[in-house]
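S.K.: For reference, the structure I am asking about is given below.
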Amino acid sequence: MTDLVAADSVWHVFSNFGAFLAGGLICWALASRFGISAKLAITLYIWHTLFCVGYFYYSLSNVADSTNYFRFSLLPLHDFSLGNQSVHYLTAIFSVGLGFSYFGCFLVFNLFGAIGNLAVASSLIEATQGKVRWVRRTALLIPFLPGLNFWSAAVGKDSLSYLSAGLACWAIMNFKKRYMVAVIAVLCMLSVRPHIAAIMLVALVVPIVFALKANAMLKISLIAVIAIAAPFAVFFGMDYAGVGSSANLGDINSYIEKRQGYNLEGGGSVDISTMILPAKLFTYAFRPLLLDANSVMSLIASGENLVLLVLFAAGLFGVILRRSCISAFGILFLAIYISVSWLLLAETTANLGIAVRQKLMFLPMLLLLAISLQKSVRTRVHSGYAGPSPHVSGFHRAKLLR
């Protein structure tokens with residue numbers, strides 16, 4: 001593994017430091033754009049980078065996709081395609097084009113995941129303004145969860161898919177002003193997971209037609225575009241997945257079984273494929289639990305899943321008793337995207353080890369929806385709202401107080 005090094009030349013040392021410094025400056029600059037404090041942005045970036053370093057050393061002694069992505073990027077690349085090949089090309093820009101080391105490429109993808117985390121943090125803070133104190137504090141702690149930072153810090157698809165999920169969460173909080181960010185989110189997901197990008201696109205378009213207050217002609221135009229584009233999107237998704245554009249239900253069932261067979265080879269300790277659907281959904285999102293833990297990493301993951309389970313249960317309780325502060329557009333997007341992607345991933349994944357990182361594609365949305373449904377501060381005549389979180393930037397603070 002002589003090519004898998006942190007630095008073996010002066011240029012590697014310089015480029016590593018430059019990549020880390022550039023990432024910090026970018027996160028600092030984006031803080032005001034996301035409406036969070038620069039202090040929080042830099043803290044999240046440093047925290048995320050620590051997990052990047054940990055993942056780098058983890059990949060040197062364990063099976064990791066990152067090593068394959070980096071080594072393939074060093075080979076002559078031919079036809080471009082979405083999915084794995086897009087990661088090869090992107091990595092090659094830095095590994096071959098700029099001469100970055102293996103760790104240097106890690107730092108580049110670390111920035112993608114860190115920006116996604118900033119977007120998630122901003123969305124959670126924005127969704128909990130006016131909530132009780134423990135909800136606001138929980139929103140600040142969620143972006144520090146190990147799972148969100150570890151899997152999104154390495155060379156591979158997960159950092160880009162997490163970036164896409166984070167940007168989508170931030171965009172739907174104020175879609176009329178942030179719709180271009182939603183487009184970027186779809187494109188990021190399209191580059192690595194086209195089938196999930198199709199779900200995200202549908203989840204965005206349906207609320208535009210039915211929930212967004214927009215011009216009637218615009219909505220009619222969108223419906224016409226959807227009607228024309230939908231068949232092509234379905235055929236493209238089926239061809240990309242390897243099912244075939246003329247597949248029937250039997251072919252789709254065979255594809256699901258084949259995907260589950262592939263996933264069983266990933267080393268996960270829990271087989272999801274034999275479970276009933278509710279158990280699959282629960283296992284995919286909330287296991288391993290404490291009883292499943294058989295290593296330090298699984299113990300950490302089980303503790304995090306316990307937090308997620310509590311938040312999810314509180315969110316279900318909040319559906320009955322409270323209204324979310326997210327708009328009808330945002331609620332509809334979250335409901336469609338979470339339900340469809342969760343169901344699809346749980347049905348086509350048999351290995352819990354793979355599920356732990358793949359759920360990053362919908363977990364930010366699930367957390368955002370759950371936290372937004374928590375208890376709000378009761379308004380009284382002589383005790384007004386205490387004001388925005390101190391982690392909200394001055395510009396965003398003034399906007400929220402208006």
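In the structure tokens, chains take the letters A, B, ... in the order shown, each chain's residues start at 1, and ligands count up from 1 in the order shown.
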Fewer than 3 positions away in the same chain doesn't count, so skip those; otherwise give me all residues within 10 Å of A:Trp151, counting only C-alpha atoms, as a list of chain:residue names.

M.R.: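 So the residues in contact are A:Phe51, A:Cys52, A:Tyr55, A:Asn110, A:Gly113, A:Pro146, A:Gly147, A:Leu148, A:Ala154, A:Val155, A:Gly156, A:Lys157, A:Asp158, A:Ser159, A:Tyr162, A:Val356, A:Arg357, A:Gln358, A:Leu360.
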
S.K.: Suppose we keep N, CA, C and O atoms; can you now write the selection as a tab-separated table (two decimals), in the first residue's frame?

M.R.:
```tsv
chain	number	residue	atom	x	y	z
A	51	PHE	N	-12.61	13.40	12.26
A	51	PHE	CA	-13.15	12.13	11.79
A	51	PHE	C	-12.55	11.75	10.44
A	51	PHE	O	-12.39	10.55	10.14
A	52	CYS	N	-12.20	12.74	9.63
A	52	CYS	CA	-11.52	12.47	8.37
A	52	CYS	C	-10.17	11.80	8.62
A	52	CYS	O	-9.83	10.82	7.95
A	55	TYR	N	-10.84	8.26	9.77
A	55	TYR	CA	-11.25	7.39	8.67
A	55	TYR	C	-10.04	7.04	7.78
A	55	TYR	O	-9.92	5.92	7.27
A	110	ASN	N	-13.48	15.56	2.51
A	110	ASN	CA	-13.86	16.01	3.84
A	110	ASN	C	-14.57	17.35	3.78
A	110	ASN	O	-15.54	17.60	4.51
A	113	GLY	N	-18.26	16.92	2.75
A	113	GLY	CA	-19.07	16.49	3.88
A	113	GLY	C	-19.25	17.58	4.91
A	113	GLY	O	-20.33	17.73	5.51
A	146	PRO	N	-21.32	11.32	15.69
A	146	PRO	CA	-20.19	10.66	15.02
A	146	PRO	C	-20.53	10.10	13.64
A	146	PRO	O	-19.75	10.21	12.69
A	147	GLY	N	-21.71	9.47	13.51
A	147	GLY	CA	-22.06	8.85	12.24
A	147	GLY	C	-22.17	9.84	11.10
A	147	GLY	O	-21.80	9.54	9.96
A	148	LEU	N	-22.70	11.03	11.38
A	148	LEU	CA	-22.83	12.05	10.35
A	148	LEU	C	-21.47	12.54	9.89
A	148	LEU	O	-21.29	12.93	8.72
A	154	ALA	N	-14.75	10.77	3.97
A	154	ALA	CA	-13.79	9.98	3.21
A	154	ALA	C	-13.98	10.12	1.71
A	154	ALA	O	-15.02	10.59	1.24
A	155	VAL	N	-12.99	9.71	0.97
A	155	VAL	CA	-13.09	9.66	-0.48
A	155	VAL	C	-14.18	8.66	-0.85
A	155	VAL	O	-14.12	7.49	-0.45
A	156	GLY	N	-15.17	9.10	-1.60
A	156	GLY	CA	-16.24	8.20	-1.98
A	156	GLY	C	-17.56	8.91	-2.20
A	156	GLY	O	-17.64	10.14	-2.21
A	157	LYS	N	-18.61	8.11	-2.38
A	157	LYS	CA	-19.93	8.65	-2.67
A	157	LYS	C	-20.59	9.32	-1.47
A	157	LYS	O	-21.38	10.24	-1.63
A	158	ASP	N	-20.27	8.84	-0.28
A	158	ASP	CA	-21.03	9.26	0.89
A	158	ASP	C	-20.86	10.74	1.22
A	158	ASP	O	-21.80	11.39	1.68
A	159	SER	N	-19.67	11.30	1.00
A	159	SER	CA	-19.48	12.72	1.29
A	159	SER	C	-20.32	13.58	0.35
A	159	SER	O	-20.92	14.57	0.76
A	162	TYR	N	-24.07	13.15	1.22
A	162	TYR	CA	-24.40	13.90	2.43
A	162	TYR	C	-24.44	15.39	2.14
A	162	TYR	O	-25.29	16.12	2.67
A	356	VAL	N	-25.63	1.42	7.58
A	356	VAL	CA	-25.17	2.44	8.53
A	356	VAL	C	-24.71	3.69	7.82
A	356	VAL	O	-24.95	4.81	8.26
A	357	ARG	N	-24.04	3.53	6.67
A	357	ARG	CA	-23.56	4.72	5.95
A	357	ARG	C	-24.50	5.18	4.85
A	357	ARG	O	-24.58	6.36	4.54
A	358	GLN	N	-25.25	4.25	4.25
A	358	GLN	CA	-26.16	4.65	3.18
A	358	GLN	C	-27.34	5.48	3.68
A	358	GLN	O	-27.90	6.27	2.92
A	360	LEU	N	-27.27	7.97	5.38
A	360	LEU	CA	-26.95	9.39	5.34
A	360	LEU	C	-27.73	10.11	4.26
A	360	LEU	O	-27.89	11.33	4.33
```

S.K.: Rank A:Ala216, A:Ala38, A:Ile196, A:Val377 by their smallest atom-to-atom distance to A:Val340, using only C-alpha atoms, and report the top residue only.

M.R.: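 Nearest to A:Val340: A:Ile196.
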
S.K.: Let me make sure I understand: among A:Ala335, A:Phe286, A:Ser273, A:Ser298, which one has the smallest atom-to-atom distance to A:Thr349 if we use only C-alpha atoms?

M.R.: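 Going through A:Ala335, A:Phe286, A:Ser273, A:Ser298 one by one, the smallest distance to A:Thr349 is for A:Ser273.
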
S.K.: Which residue, A:Leu145, A:Ile36, A:Met361, A:Ala6, has the smallest gap to A:Ala185 when you use only C-alpha atoms?

M.R.: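 Smallest separation from A:Ala185 among the options: A:Met361.
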
S.K.: Just how far from atom CA of A:Leu40 is atom CA of A:Gln374, in Å to one decimal?

M.R.: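 Computing the Euclidean distance for atom CA of A:Gln374 and atom CA of A:Leu40 yields 22.9 Å.
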
S.K.: Which neighbours of stretch 96-106 of chain A fall inside 10 Å, counting only C-alpha atoms, when residues of the same chain fewer than 5 positions from it are skipped, and could you give them as an MDAnalysis selection string?

M.R.: chainID A and resid 3:9 11:20 49 52:53 55:57 66:67 70:71 73:76 89:91 111 153:156
